[in-house]
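> Sharing run-v9.cif, mmCIF, C-alpha atoms and all ligand atoms:
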```
data_final
#
loop_
_atom_site.label_atom_id
_atom_site.label_comp_id
_atom_site.auth_asym_id
_atom_site.auth_seq_id
_atom_site.Cartn_x
_atom_site.Cartn_y
_atom_site.Cartn_z
CA MET A 1 87.56 87.36 117.04
CA GLN A 2 87.98 86.59 113.37
CA SER A 3 88.29 89.24 110.70
CA LEU A 4 87.37 88.74 107.08
CA SER A 5 87.92 90.82 103.95
CA ILE A 6 85.89 90.02 100.85
CA VAL A 7 87.58 91.30 97.69
CA ILE A 8 85.47 91.78 94.56
CA PRO A 9 86.96 92.97 91.23
CA VAL A 10 84.35 94.92 89.27
CA TYR A 11 84.38 96.08 85.67
CA ASN A 12 81.22 97.48 84.07
CA GLU A 13 78.81 95.47 86.20
CA GLN A 14 76.10 98.11 86.77
CA GLU A 15 73.17 95.67 86.51
CA ASN A 16 74.81 93.30 88.98
CA ILE A 17 75.81 95.68 91.78
CA GLY A 18 72.40 95.77 93.52
CA PRO A 19 71.90 92.00 93.77
CA LEU A 20 75.62 91.44 94.41
CA VAL A 21 75.70 93.78 97.41
CA GLN A 22 72.46 92.35 98.78
CA ARG A 23 73.52 88.72 98.46
CA THR A 24 77.01 89.36 99.83
CA LEU A 25 75.60 91.14 102.89
CA GLU A 26 73.12 88.28 103.34
CA ALA A 27 75.98 85.78 103.14
CA ILE A 28 77.86 87.44 106.00
CA SER A 29 74.83 88.21 108.16
CA ARG A 30 75.72 85.44 110.63
CA TRP A 31 79.46 86.12 110.60
CA GLN A 32 80.72 86.46 114.17
CA GLY A 33 83.80 88.62 113.62
CA THR A 34 84.54 91.85 111.80
CA VAL A 35 84.10 92.02 108.07
CA GLU A 36 84.80 94.40 105.20
CA ILE A 37 83.76 94.13 101.57
CA ILE A 38 86.30 95.71 99.25
CA PHE A 39 85.03 96.47 95.77
CA VAL A 40 87.78 97.30 93.33
CA ASP A 41 86.29 99.21 90.43
CA ASP A 42 88.58 98.45 87.53
CA GLY A 43 88.00 101.69 85.57
CA SER A 44 84.34 101.03 84.76
CA SER A 45 82.79 103.36 82.20
CA ASP A 46 79.16 102.67 83.25
CA GLN A 47 77.29 103.46 86.48
CA THR A 48 79.20 100.87 88.53
CA LEU A 49 81.18 103.32 90.67
CA ASP A 50 78.13 105.50 91.48
CA LEU A 51 76.15 102.45 92.50
CA LEU A 52 79.01 101.23 94.70
CA LYS A 53 79.17 104.64 96.39
CA GLU A 54 75.44 104.46 97.08
CA ALA A 55 75.86 101.03 98.62
CA GLN A 56 78.77 102.30 100.71
CA ALA A 57 76.67 105.17 102.03
CA ASN A 58 74.23 102.57 103.36
CA ASP A 59 76.75 100.21 104.89
CA ALA A 60 80.03 101.13 106.55
CA ARG A 61 81.46 97.66 105.96
CA ILE A 62 81.76 98.46 102.26
CA ARG A 63 85.02 99.94 100.96
CA ILE A 64 85.79 101.03 97.43
CA ALA A 65 89.02 101.22 95.51
CA HIS A 66 88.97 102.67 92.05
CA PHE A 67 91.23 102.65 89.00
CA GLN A 68 91.02 105.51 86.49
CA GLU A 69 91.56 103.05 83.66
CA ASN A 70 90.78 99.40 83.06
CA MET A 71 93.82 97.51 84.38
CA GLY A 72 92.51 93.94 84.27
CA GLN A 73 91.17 91.50 86.83
CA THR A 74 94.59 90.56 88.28
CA ALA A 75 95.51 94.18 89.01
CA ALA A 76 92.09 94.76 90.57
CA MET A 77 92.49 91.74 92.83
CA ALA A 78 96.06 92.69 93.77
CA ALA A 79 94.85 96.17 94.80
CA GLY A 80 92.13 94.55 96.92
CA PHE A 81 94.67 92.27 98.58
CA ARG A 82 96.86 95.24 99.48
CA LEU A 83 93.92 97.01 101.11
CA ALA A 84 92.57 93.95 102.92
CA ARG A 85 92.87 94.15 106.70
CA GLY A 86 91.20 90.84 107.57
CA GLU A 87 93.14 87.82 108.77
CA MET A 88 91.21 85.97 106.09
CA VAL A 89 90.49 87.07 102.55
CA ALA A 90 87.78 85.72 100.25
CA THR A 91 87.42 86.60 96.57
CA ILE A 92 84.33 86.39 94.40
CA ASP A 93 83.14 87.50 90.94
CA ALA A 94 80.89 90.53 90.64
CA ASP A 95 78.56 88.96 88.07
CA LEU A 96 77.10 86.39 90.50
CA GLN A 97 78.48 83.47 88.52
CA ASN A 98 79.75 82.45 91.99
CA ASP A 99 77.31 82.32 94.89
CA PRO A 100 78.23 84.65 97.79
CA ALA A 101 76.36 82.28 100.13
CA GLU A 102 79.24 79.83 99.72
CA ILE A 103 81.85 82.22 101.18
CA PRO A 104 81.33 81.18 104.84
CA ARG A 105 81.81 77.49 104.01
CA LEU A 106 85.15 78.16 102.30
CA VAL A 107 86.30 80.55 105.04
CA GLU A 108 85.42 77.96 107.70
CA MET A 109 87.86 75.56 106.01
CA LEU A 110 90.71 78.00 106.66
CA LYS A 111 90.85 76.53 110.15
CA GLU A 112 92.54 73.51 108.55
CA TRP A 113 93.94 74.97 105.33
CA ASP A 114 95.78 78.08 104.14
CA VAL A 115 93.96 78.41 100.82
CA VAL A 116 90.61 77.00 99.72
CA CYS A 117 90.01 77.04 95.95
CA GLY A 118 86.55 76.67 94.45
CA VAL A 119 86.19 74.24 91.55
CA ARG A 120 83.28 74.85 89.21
CA THR A 121 82.13 71.28 88.69
CA GLN A 122 79.02 72.25 86.69
CA ARG A 123 80.43 75.20 84.86
CA LYS A 124 77.89 77.45 83.11
CA ASP A 125 80.03 78.88 80.35
CA THR A 126 80.10 78.20 76.62
CA TRP A 127 81.60 74.99 75.29
CA TRP A 128 84.47 77.03 73.85
CA ARG A 129 85.30 78.73 77.18
CA ARG A 130 85.29 75.42 79.03
CA PHE A 131 87.48 73.82 76.39
CA SER A 132 89.98 76.72 76.42
CA SER A 133 90.14 76.60 80.22
CA ARG A 134 90.76 72.87 80.21
CA VAL A 135 93.68 73.28 77.79
CA ALA A 136 95.07 76.27 79.73
CA ASN A 137 94.76 74.57 83.13
CA GLY A 138 96.36 71.41 81.72
CA PHE A 139 99.24 73.38 80.26
CA ARG A 140 99.80 75.39 83.46
CA ASN A 141 99.86 72.22 85.55
CA TRP A 142 102.23 70.54 83.09
CA VAL A 143 104.65 73.47 83.33
CA THR A 144 104.38 73.92 87.10
CA GLY A 145 103.97 70.22 88.01
CA ASP A 146 100.82 71.11 89.93
CA ASN A 147 97.26 69.72 89.96
CA ILE A 148 95.07 72.81 90.24
CA ILE A 149 91.83 71.91 88.47
CA ASP A 150 90.18 75.28 87.99
CA THR A 151 92.42 78.31 88.52
CA GLY A 152 89.92 80.58 86.75
CA CYS A 153 87.33 80.21 89.53
CA THR A 154 87.39 83.48 91.48
CA LEU A 155 85.63 81.99 94.52
CA LYS A 156 88.54 81.29 96.84
CA ALA A 157 89.52 81.91 100.46
CA TYR A 158 93.00 82.65 101.77
CA ARG A 159 94.71 83.27 105.05
CA ARG A 160 95.98 86.75 104.34
CA GLU A 161 99.60 85.95 105.16
CA CYS A 162 99.72 83.70 102.05
CA LEU A 163 99.13 86.71 99.84
CA GLU A 164 101.66 89.02 101.40
CA GLY A 165 104.63 89.99 99.27
CA LEU A 166 103.30 88.45 96.05
CA GLU A 167 103.83 90.60 92.96
CA LEU A 168 100.87 90.00 90.69
CA TYR A 169 100.53 91.18 87.13
CA ASN A 170 98.70 90.35 83.88
CA GLY A 171 96.61 87.24 84.35
CA MET A 172 98.75 86.00 87.22
CA HIS A 173 95.79 85.52 89.55
CA ARG A 174 95.49 82.17 87.76
CA PHE A 175 98.83 81.12 89.22
CA LEU A 176 98.01 82.13 92.79
CA PRO A 177 97.30 78.64 94.20
CA THR A 178 100.50 77.25 92.68
CA LEU A 179 102.61 80.22 93.78
CA ILE A 180 101.27 79.94 97.30
CA LYS A 181 101.83 76.18 97.39
CA MET A 182 105.42 76.73 96.31
CA ARG A 183 105.85 78.82 99.44
CA GLY A 184 104.88 75.83 101.53
CA TYR A 185 101.24 76.61 102.32
CA ARG A 186 98.45 74.03 102.33
CA VAL A 187 95.99 74.39 99.45
CA ILE A 188 92.74 72.45 99.04
CA GLN A 189 90.17 72.41 96.22
CA VAL A 190 86.43 72.12 96.85
CA PRO A 191 83.44 71.94 94.49
CA VAL A 192 81.37 75.13 94.27
CA SER A 193 78.29 76.00 92.26
CA HIS A 194 78.42 78.09 89.09
CA HIS A 195 75.76 80.10 87.34
CA GLN A 196 75.15 82.02 84.15
CA ARG A 197 76.29 85.61 84.33
CA LEU A 198 73.37 87.53 85.91
CA ALA A 199 73.71 90.46 83.46
CA GLY A 200 76.35 92.31 81.49
CA ARG A 201 79.25 90.93 79.44
CA THR A 202 82.28 88.80 80.20
N1 LIG B 301 86.86 92.11 85.83
C1 LIG B 301 87.71 93.14 86.19
N2 LIG B 301 88.49 93.71 85.22
C2 LIG B 301 88.47 93.28 83.91
C3 LIG B 301 87.62 92.22 83.58
C4 LIG B 301 86.83 91.65 84.56
O1 LIG B 301 87.76 93.56 87.34
O2 LIG B 301 89.19 93.86 83.10
C5 LIG B 301 86.00 91.49 86.87
C6 LIG B 301 84.56 91.28 86.45
O3 LIG B 301 83.76 92.42 86.73
C7 LIG B 301 84.16 90.08 87.27
C8 LIG B 301 85.46 89.26 87.33
O4 LIG B 301 86.52 90.19 87.10
O5 LIG B 301 83.81 90.43 88.58
C9 LIG B 301 85.50 88.14 86.32
O6 LIG B 301 85.29 88.68 85.04
P1 LIG B 301 84.35 88.01 83.94
O7 LIG B 301 83.05 87.63 84.53
O8 LIG B 301 84.33 88.91 82.77
O9 LIG B 301 85.19 86.71 83.57
P2 LIG B 301 84.66 85.21 83.37
O10 LIG B 301 83.76 84.89 84.51
O11 LIG B 301 83.93 85.23 82.08
O12 LIG B 301 85.92 84.42 83.36
MG MG B 302 82.09 85.94 85.06
#
```
With the file now loaded, output its structure as structure tokens.
Ligand code: UDP
Ligand code: MG


Amino acid sequence: MQSLSIVIPVYNEQENIGPLVQRTLEAISRWQGTVEIIFVDDGSSDQTLDLLKEAQANDARIRIAHFQENMGQTAAMAAGFRLARGEMVATIDADLQNDPAEIPRLVEMLKEWDVVCGVRTQRKDTWWRRFSSRVANGFRNWVTGDNIIDTGCTLKAYRRECLEGLELYNGMHRFLPTLIKMRGYRVIQVPVSHHQRLAGRT
């Protein structure tokens, strides 16, 4: 039987929690193995944590980790990775810019690959954000000699062993595919959809 952990970093996403939980549960409704959804509340100051607790009361597959202060997306993801018990780990944004329905497709590819990275081919962000990302991705690849197209896309799937022992800090989630590749694992990039933020602020 296969086990899957979905890790979701969450910072002040109160308007998004309801639809996020619903669509993530829908996405895994046909999953054959065990599954857990780990929400890491990154010190939210709005109703996010209360809403997550409500969701958890309704579904035992939901787990919550919580920081007292805002520590940043990398720290939130690293905490989720440490808690994850699944053989496979998928990550996704809380604002529904990624589509939870795409998780099973990426996870399925872990039969052949160690890491599957989403690439936002039709990215729905401002011109400035897309431009900055292009420069940053280009620079990172130039330094590391890699060819990762879109490190900023949170929608990814990993065999959990790839994540073990990695020390992640400040913004380093963007280097994950390259770091994992350097350890000899097989990384593939696949197009995924991208949407406007459902609500709240980036
Ligand atoms: N996030 C987080 N801590 C932060 C900032 C963001 O956990 O300090 C979460 C956020 O709730 C979302 C994901 O990380 O689930 C991506 O953040 P955001 O949508 O702001 O980034 P963008 O999509 O604009 O790159
Ligand atoms: Mg976003």

> Given 4 Å of margin on each side, can you work out the centre and size in Å (one decimal) of an axis-aligned box holding every listed atom of ligand LIG 301 (chain B), as AutoDock Vina command-line options?


```
--center_x 86.1 --center_y 89.1 --center_z 85.3 --size_x 14.1 --size_y 17.4 --size_z 14.5
```

> Compile the contact shell of range 166-173 of chain A as a list in words: residues with an atom at most 7 Å away, counting all atoms listed in the file, same-chain residues fewer than 6 positions apart removed.

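The filter keeps Thr74, Ala75 and Ala78 of chain A.
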
> Since we have the selection now, will you write its residues out, keeping C-alpha atoms, as an mmCIF file, in the frame of the given file?


```cif
data_model
loop_
_atom_site.group_PDB
_atom_site.id
_atom_site.type_symbol
_atom_site.label_atom_id
_atom_site.label_comp_id
_atom_site.auth_asym_id
_atom_site.auth_seq_id
_atom_site.Cartn_x
_atom_site.Cartn_y
_atom_site.Cartn_z
ATOM 1 C CA THR A 74 94.590 90.560 88.280
ATOM 2 C CA ALA A 75 95.510 94.180 89.010
ATOM 3 C CA ALA A 78 96.060 92.690 93.770
#
```

> Give the answer as one residue: which of A:Val116, A:Leu96, A:Leu163, A:Ala101 has the shortest atom-to-atom distance to Thr151 in chain A, using all atoms listed in the file?

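When distances to Thr151 in chain A are compared using all atoms listed in the file, the smallest one comes from A:Val116.
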
> Kindly assemble as JSON lines a list of the chain A residues that lie within 10 Å of ligand MG 302 (chain B), each paired with its nearest atom pair and their distance in Å to one decimal, using only C-alpha atoms and all ligand atoms, sorted first by chain and then by ascending residue number.


```
{"residue": "A:Ile92", "atom": "CA", "partner": "B:MG302", "partner_atom": "MG", "distance": 9.6}
{"residue": "A:Asp93", "atom": "CA", "partner": "B:MG302", "partner_atom": "MG", "distance": 6.2}
{"residue": "A:Ala94", "atom": "CA", "partner": "B:MG302", "partner_atom": "MG", "distance": 7.3}
{"residue": "A:Asp95", "atom": "CA", "partner": "B:MG302", "partner_atom": "MG", "distance": 5.5}
{"residue": "A:Leu96", "atom": "CA", "partner": "B:MG302", "partner_atom": "MG", "distance": 7.4}
{"residue": "A:Gln97", "atom": "CA", "partner": "B:MG302", "partner_atom": "MG", "distance": 5.6}
{"residue": "A:Asn98", "atom": "CA", "partner": "B:MG302", "partner_atom": "MG", "distance": 8.1}
{"residue": "A:Lys124", "atom": "CA", "partner": "B:MG302", "partner_atom": "MG", "distance": 9.7}
{"residue": "A:Asp125", "atom": "CA", "partner": "B:MG302", "partner_atom": "MG", "distance": 8.7}
{"residue": "A:Gly152", "atom": "CA", "partner": "B:MG302", "partner_atom": "MG", "distance": 9.6}
{"residue": "A:Cys153", "atom": "CA", "partner": "B:MG302", "partner_atom": "MG", "distance": 9.0}
{"residue": "A:Thr154", "atom": "CA", "partner": "B:MG302", "partner_atom": "MG", "distance": 8.7}
{"residue": "A:His194", "atom": "CA", "partner": "B:MG302", "partner_atom": "MG", "distance": 9.6}
{"residue": "A:His195", "atom": "CA", "partner": "B:MG302", "partner_atom": "MG", "distance": 8.9}
{"residue": "A:Gln196", "atom": "CA", "partner": "B:MG302", "partner_atom": "MG", "distance": 8.0}
{"residue": "A:Arg197", "atom": "CA", "partner": "B:MG302", "partner_atom": "MG", "distance": 5.9}
{"residue": "A:Leu198", "atom": "CA", "partner": "B:MG302", "partner_atom": "MG", "distance": 8.9}
{"residue": "A:Ala199", "atom": "CA", "partner": "B:MG302", "partner_atom": "MG", "distance": 9.7}
{"residue": "A:Gly200", "atom": "CA", "partner": "B:MG302", "partner_atom": "MG", "distance": 9.3}
{"residue": "A:Arg201", "atom": "CA", "partner": "B:MG302", "partner_atom": "MG", "distance": 8.0}
{"residue": "A:Thr202", "atom": "CA", "partner": "B:MG302", "partner_atom": "MG", "distance": 5.6}
```

> Could you state the separation of CA of Asp150 in chain A and CA of Pro191 in chain A in Å, given to one decimal place?

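About the pair CA of Asp150 in chain A and CA of Pro191 in chain A: they are 9.9 Å apart.
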
> Please indicate the distance in Å from CA of Ser44 in chain A to CA of Leu20 in chain A, rounded to one decimal place.

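Between CA of Ser44 in chain A and CA of Leu20 in chain A the gap is 16.2 Å.
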
> For ligand LIG 301 (chain B), which residue among A:Arg123, A:Arg160, A:Arg23, A:Lys53 is the nearest when counting all atoms listed in the file?

A:Arg123

> Mind giving me the straight-line distance from atom O7 of ligand LIG 301 (chain B) to CA of Arg105 in chain A in Å, one decimal?

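It comes out at 22.0 Å.
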
> A:Gly118, A:Val10, A:Ala90, A:Ala55: which is nearest Phe67 in chain A, counting all atoms listed in the file?

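Distance minimum relative to Phe67 in chain A lands on A:Val10.
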